[in-house]
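The structure file target.cif is reproduced below (mmCIF, C-alpha atoms).
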```cif
data_start
#
loop_
_atom_site.label_atom_id
_atom_site.label_comp_id
_atom_site.auth_asym_id
_atom_site.auth_seq_id
_atom_site.Cartn_x
_atom_site.Cartn_y
_atom_site.Cartn_z
CA MET A 1 -29.14 24.08 -7.24
CA LYS A 2 -27.70 23.51 -10.71
CA LYS A 3 -24.03 22.74 -11.03
CA LYS A 4 -21.93 25.18 -12.98
CA ILE A 5 -20.57 23.96 -16.32
CA THR A 6 -17.06 24.69 -17.48
CA GLU A 7 -16.87 26.52 -20.80
CA ARG A 8 -14.34 24.26 -22.47
CA THR A 9 -15.18 20.78 -21.30
CA GLY A 10 -18.86 20.91 -20.46
CA GLU A 11 -18.11 19.00 -17.25
CA PRO A 12 -19.82 19.84 -13.97
CA LYS A 13 -17.74 22.33 -12.03
CA PRO A 14 -17.16 21.38 -8.39
CA GLU A 15 -18.43 23.66 -5.65
CA ASP A 16 -15.95 26.24 -4.40
CA GLY A 17 -13.29 24.67 -2.22
CA GLN A 18 -14.12 21.12 -3.35
CA PRO A 19 -11.55 19.02 -5.26
CA ARG A 20 -12.41 18.14 -8.84
CA ARG A 21 -13.21 14.44 -9.30
CA MET A 22 -10.90 12.84 -11.83
CA ARG A 23 -12.40 11.14 -14.87
CA ALA A 24 -12.06 7.35 -15.10
CA ASP A 25 -9.65 7.53 -18.04
CA GLY A 26 -7.59 10.14 -16.22
CA GLN A 27 -7.43 7.93 -13.15
CA ARG A 28 -6.29 5.00 -15.25
CA LYS A 29 -3.50 7.07 -16.79
CA LEU A 30 -2.46 8.26 -13.35
CA ASN A 31 -2.39 4.68 -12.03
CA SER A 32 -0.30 3.59 -15.02
CA LEU A 33 2.09 6.44 -14.34
CA LEU A 34 2.48 5.48 -10.68
CA LEU A 35 3.05 1.81 -11.54
CA ALA A 36 5.61 2.77 -14.16
CA ALA A 37 7.38 5.02 -11.64
CA MET A 38 7.49 2.19 -9.11
CA GLU A 39 9.05 -0.17 -11.66
CA VAL A 40 11.63 2.41 -12.71
CA PHE A 41 12.46 3.32 -9.11
CA THR A 42 12.91 -0.37 -8.27
CA LYS A 43 15.23 -0.91 -11.21
CA SER A 44 17.14 2.37 -11.37
CA GLY A 45 16.59 4.07 -8.00
CA VAL A 46 14.52 7.10 -7.04
CA ASP A 47 16.87 9.44 -8.93
CA ALA A 48 16.03 7.81 -12.27
CA PRO A 49 15.26 10.27 -15.11
CA VAL A 50 11.67 11.41 -15.23
CA ARG A 51 11.74 10.90 -18.99
CA GLU A 52 12.29 7.18 -18.44
CA ILE A 53 9.18 7.04 -16.26
CA ALA A 54 7.11 8.99 -18.79
CA GLU A 55 8.18 6.72 -21.65
CA LYS A 56 7.38 3.58 -19.68
CA ALA A 57 3.95 4.94 -18.77
CA GLY A 58 3.29 6.09 -22.34
CA VAL A 59 2.70 9.72 -21.38
CA GLY A 60 4.47 12.98 -22.06
CA LEU A 61 6.81 14.75 -19.67
CA GLY A 62 4.24 17.50 -19.30
CA THR A 63 1.73 15.01 -17.90
CA VAL A 64 4.20 13.87 -15.25
CA TYR A 65 5.08 17.40 -14.16
CA ARG A 66 1.45 18.52 -14.23
CA HIS A 67 0.55 15.89 -11.65
CA PHE A 68 3.85 15.92 -9.76
CA PRO A 69 5.78 19.21 -9.98
CA GLN A 70 8.50 17.88 -7.65
CA ARG A 71 10.14 14.46 -7.65
CA SER A 72 9.22 14.10 -3.97
CA ASP A 73 5.54 14.52 -4.91
CA LEU A 74 5.85 11.58 -7.29
CA ILE A 75 7.68 9.40 -4.76
CA ALA A 76 5.06 10.13 -2.08
CA ALA A 77 2.26 9.31 -4.53
CA VAL A 78 3.94 6.05 -5.54
CA PHE A 79 4.24 5.02 -1.90
CA LYS A 80 0.60 5.90 -1.16
CA ASN A 81 -0.46 3.95 -4.24
CA GLN A 82 1.42 0.90 -2.96
CA MET A 83 -0.21 1.31 0.45
CA ASP A 84 -3.64 1.46 -1.17
CA ALA A 85 -2.98 -1.67 -3.21
CA CYS A 86 -1.82 -3.57 -0.14
CA ALA A 87 -4.76 -2.42 1.97
CA ASP A 88 -7.30 -3.18 -0.76
CA ALA A 89 -5.90 -6.69 -1.11
CA ALA A 90 -7.18 -7.48 2.40
CA SER A 91 -10.86 -7.35 1.46
CA VAL A 92 -10.20 -9.29 -1.74
CA MET A 93 -8.48 -12.08 0.17
CA ALA A 94 -11.17 -12.07 2.85
CA SER A 95 -13.79 -12.72 0.15
CA LYS A 96 -11.82 -15.57 -1.44
CA TYR A 97 -10.33 -17.51 1.47
CA GLU A 98 -11.13 -18.77 4.94
CA PRO A 99 -10.18 -16.23 7.66
CA GLY A 100 -6.94 -17.93 8.70
CA GLU A 101 -5.77 -18.39 5.12
CA ALA A 102 -6.74 -14.82 4.20
CA LEU A 103 -4.65 -13.50 7.09
CA ALA A 104 -1.65 -15.64 6.16
CA ARG A 105 -1.82 -14.60 2.49
CA TRP A 106 -2.15 -10.92 3.32
CA MET A 107 0.85 -11.01 5.61
CA GLN A 108 2.87 -12.37 2.68
CA ARG A 109 1.43 -9.57 0.56
CA TYR A 110 2.64 -7.15 3.20
CA VAL A 111 6.14 -8.58 2.77
CA ASP A 112 5.98 -7.34 -0.83
CA PHE A 113 4.95 -3.91 0.41
CA VAL A 114 7.90 -3.82 2.81
CA GLY A 115 10.12 -4.44 -0.20
CA THR A 116 8.59 -1.37 -1.85
CA LYS A 117 9.26 0.71 1.24
CA ARG A 118 12.86 -0.50 1.36
CA GLY A 119 13.39 0.62 -2.23
CA LEU A 120 12.16 4.13 -1.41
CA ALA A 121 13.70 4.33 2.05
CA ALA A 122 16.49 6.77 1.18
CA ALA A 123 14.00 9.30 -0.15
CA LEU A 124 11.33 8.72 2.50
CA HIS A 125 13.84 9.32 5.31
CA SER A 126 15.33 12.43 3.72
CA GLY A 127 13.29 14.85 5.83
CA ASP A 128 11.43 16.29 2.83
CA PRO A 129 8.08 17.70 4.05
CA ALA A 130 6.35 16.00 1.11
CA TYR A 131 6.55 12.78 3.11
CA ASN A 132 5.26 14.11 6.43
CA ALA A 133 1.72 12.81 5.93
CA LEU A 134 2.75 9.26 5.00
CA PRO A 135 2.94 7.75 8.53
CA ALA A 136 -0.62 8.85 9.28
CA TYR A 137 -1.78 7.51 5.92
CA PHE A 138 -0.07 4.20 6.72
CA ASN A 139 -2.01 3.92 9.98
CA GLU A 140 -5.24 4.95 8.30
CA ARG A 141 -5.03 2.37 5.51
CA LEU A 142 -2.99 -0.63 6.62
CA LEU A 143 -3.84 -0.96 10.31
CA PRO A 144 -7.61 -1.30 9.73
CA ALA A 145 -7.00 -3.71 6.84
CA LEU A 146 -4.96 -6.07 8.98
CA LYS A 147 -7.21 -5.65 12.03
CA ALA A 148 -10.26 -6.76 10.04
CA LEU A 149 -8.44 -9.90 8.88
CA LEU A 150 -7.08 -10.58 12.35
CA ASP A 151 -10.45 -10.16 14.06
CA ALA A 152 -12.07 -12.52 11.55
CA ALA A 153 -9.34 -15.11 12.06
CA VAL A 154 -9.71 -14.90 15.86
CA ALA A 155 -13.48 -15.23 15.59
CA ALA A 156 -13.01 -18.32 13.42
CA ARG A 157 -10.50 -19.72 15.94
CA ALA A 158 -7.87 -19.82 13.24
CA VAL A 159 -5.44 -17.79 15.38
CA ARG A 160 -5.34 -17.10 19.10
CA PRO A 161 -6.72 -13.86 20.56
CA GLY A 162 -4.79 -11.07 22.27
CA ILE A 163 -2.70 -10.03 19.23
CA GLU A 164 -2.40 -6.40 18.16
CA ALA A 165 -2.41 -5.55 14.45
CA ALA A 166 0.29 -2.90 14.95
CA ASP A 167 2.56 -5.49 16.58
CA LEU A 168 2.12 -7.81 13.61
CA LEU A 169 2.98 -5.08 11.12
CA ARG A 170 6.17 -4.30 13.03
CA ALA A 171 7.04 -7.98 13.34
CA VAL A 172 6.72 -8.60 9.60
CA ALA A 173 8.76 -5.50 8.82
CA THR A 174 11.48 -6.60 11.25
CA LEU A 175 11.63 -10.08 9.74
CA SER A 176 11.72 -8.69 6.21
CA TYR A 177 14.27 -5.89 6.46
CA GLY A 178 17.70 -6.98 5.40
CA SER A 179 16.63 -10.42 4.23
CA LEU A 180 14.42 -9.32 1.33
CA GLU A 181 17.27 -7.96 -0.76
CA LYS A 182 19.59 -10.93 -0.23
CA GLU A 183 17.10 -13.78 0.00
CA PRO A 184 13.38 -12.97 -0.48
CA VAL A 185 12.40 -16.59 0.08
CA TYR A 186 13.94 -16.45 3.55
CA ALA A 187 11.79 -13.46 4.52
CA ARG A 188 8.65 -15.25 3.39
CA ARG A 189 9.63 -18.37 5.32
CA MET A 190 10.17 -16.37 8.50
CA VAL A 191 6.77 -14.70 8.12
CA GLN A 192 5.18 -18.10 7.59
CA LEU A 193 6.72 -19.23 10.87
CA LEU A 194 5.23 -16.14 12.50
CA VAL A 195 1.81 -17.09 11.16
CA ASP A 196 2.25 -20.63 12.48
CA GLY A 197 2.98 -19.12 15.87
CA LEU A 198 -0.27 -17.16 15.76
CA ARG A 199 -2.16 -20.41 15.24
CA TYR A 200 -0.66 -22.03 18.34
CA GLY A 201 -3.36 -22.60 20.94
CA ALA A 202 -6.12 -21.14 18.77
CA ASP A 203 -8.21 -24.32 18.91
CA THR A 204 -8.03 -24.49 22.71
CA GLN A 205 -9.43 -21.02 23.45
CA THR A 206 -12.67 -20.92 25.39
CA ASP A 207 -15.66 -18.70 24.74
CA THR A 208 -16.01 -15.69 27.02
CA PRO A 209 -19.24 -16.02 29.02
#
```
Please express what this file holds, its structure, as structure tokens.
Amino acid sequence: MKKKITERTGEPKPEDGQPRRMRADGQRKLNSLLLAAMEVFTKSGVDAPVREIAEKAGVGLGTVYRHFPQRSDLIAAVFKNQMDACADAASVMASKYEPGEALARWMQRYVDFVGTKRGLAAALHSGDPAYNALPAYFNERLLPALKALLDAAVAARAVRPGIEAADLLRAVATLSYGSLEKEPVYARRMVQLLVDGLRYGADTQTDTP
């Protein structure tokens, strides 16, 4: 079956009910917009003028509103983009470092993500339905990323077994909240101590028959 062609662009038209795949240049512009929004939100808060975000991203206001009609849509997209970046970093680190080191580095990367969440907390906890899907997306992206690193580290006897990925995510978040804003180095040091604790007894574990 031949794909239908749009009259104006000559691009293949998606089947009915299927989302249109974004062009590579369009995706790059969207990513630049989301990164610019994150920087502006971090500096000026989530109520910063949309014009400031558009100027930083090098796009027009119409582009911003075309993708994100409501401010909450933009905030949710920024948060999902940060989740994606954090989750994707897991496989990159796994390919570059030994399992134990990859796990330790990713947990520090997760500290950065917690800082992002803290900056958007007021909006994310506002009850706006635009954010309802974010918890499920968090579990879908970040839990598997950490579990893969954790399983590899256990298999390599870099950390001890019996640790749940969800518990680690909560532990890092607990250690980071409150300390990141006042003393980011302190949060990282506490997470490093947590990692050291995971290593305790790893080299004495016995193989399961």
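Computed from the coordinates, the atom CA of Leu149 of chain A to atom CA of Glu101 of chain A distance equals 9.7 Å.
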Select from segment 75-132 of chain A every residue with an atom at most 9 Å from any atom of segment 163-174 of chain A, then for each give the shortest pair of atoms and their distance in Å to one decimal, using only C-alpha atoms, rows by chain and rising number, as a tab-separated table.
```
residue	atom	partner	partner_atom	distance
A:Met107	CA	A:Val172	CA	7.5
A:Gln108	CA	A:Val172	CA	8.8
A:Tyr110	CA	A:Val172	CA	7.7
A:Val111	CA	A:Val172	CA	6.9
A:Val114	CA	A:Ala173	CA	6.3
```
Self-check item: Spatial neighbours of Val46 of chain A, max dist 9 Å, all atoms listed in the file, sep filter under 4 positions, as a list of chain:residue names
Solution: A:Ala37, A:Met38, A:Val40, A:Phe41, A:Thr42, A:Arg71, A:Ile75, A:Gly119, A:Leu120, A:Ala122, A:Ala123
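The shell of residues at most 12 Å from Tyr200 of chain A, with all atoms listed in the file counted and near chain neighbours (fewer than 5 positions) removed, consists of Val154, Arg157, Ala158, Val159, Arg160, Pro161, Leu193, Leu194, Val195 and Gln205 of chain A.
Taking atom CA of Ala152 of chain A as the reference point, atom CA of Arg109 of chain A is found at 17.7 Å.
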Centre, x/y/z edge lengths, axis-aligned box for segment 65-82 of chain A with 5 Å per side, as JSON:
```
{"center_x": 4.8, "center_y": 10.1, "center_z": -7.7, "size_x": 20.6, "size_y": 28.3, "size_z": 23.1}
```
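Counting all atoms listed in the file and comparing A:Gly162, A:Gly201, A:Gly60, A:Pro129, the residue that lies closest to Leu150 of chain A is A:Gly162.
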Self-check item: Residue nearest Asn81 of chain A - candidates A:Ala136, A:Ala145, A:Ala156, A:Leu35, atoms counted: all atoms listed in the file
Solution: A:Leu35
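All residues that come within 8 Å of the coordinates (8.3, 11.0, -19.2), counting all atoms listed in the file, are given as Val50, Arg51, Glu52, Ile53, Ala54, Glu55, Lys56, Ala57, Gly58, Val59, Gly60, Leu61, Gly62, Thr63 and Val64 of chain A.
Between Arg141 of chain A and the candidates A:Ala202, A:Leu103, A:Met83, A:Ala155, the tightest atom-to-atom separation, counting only C-alpha atoms, involves A:Met83.
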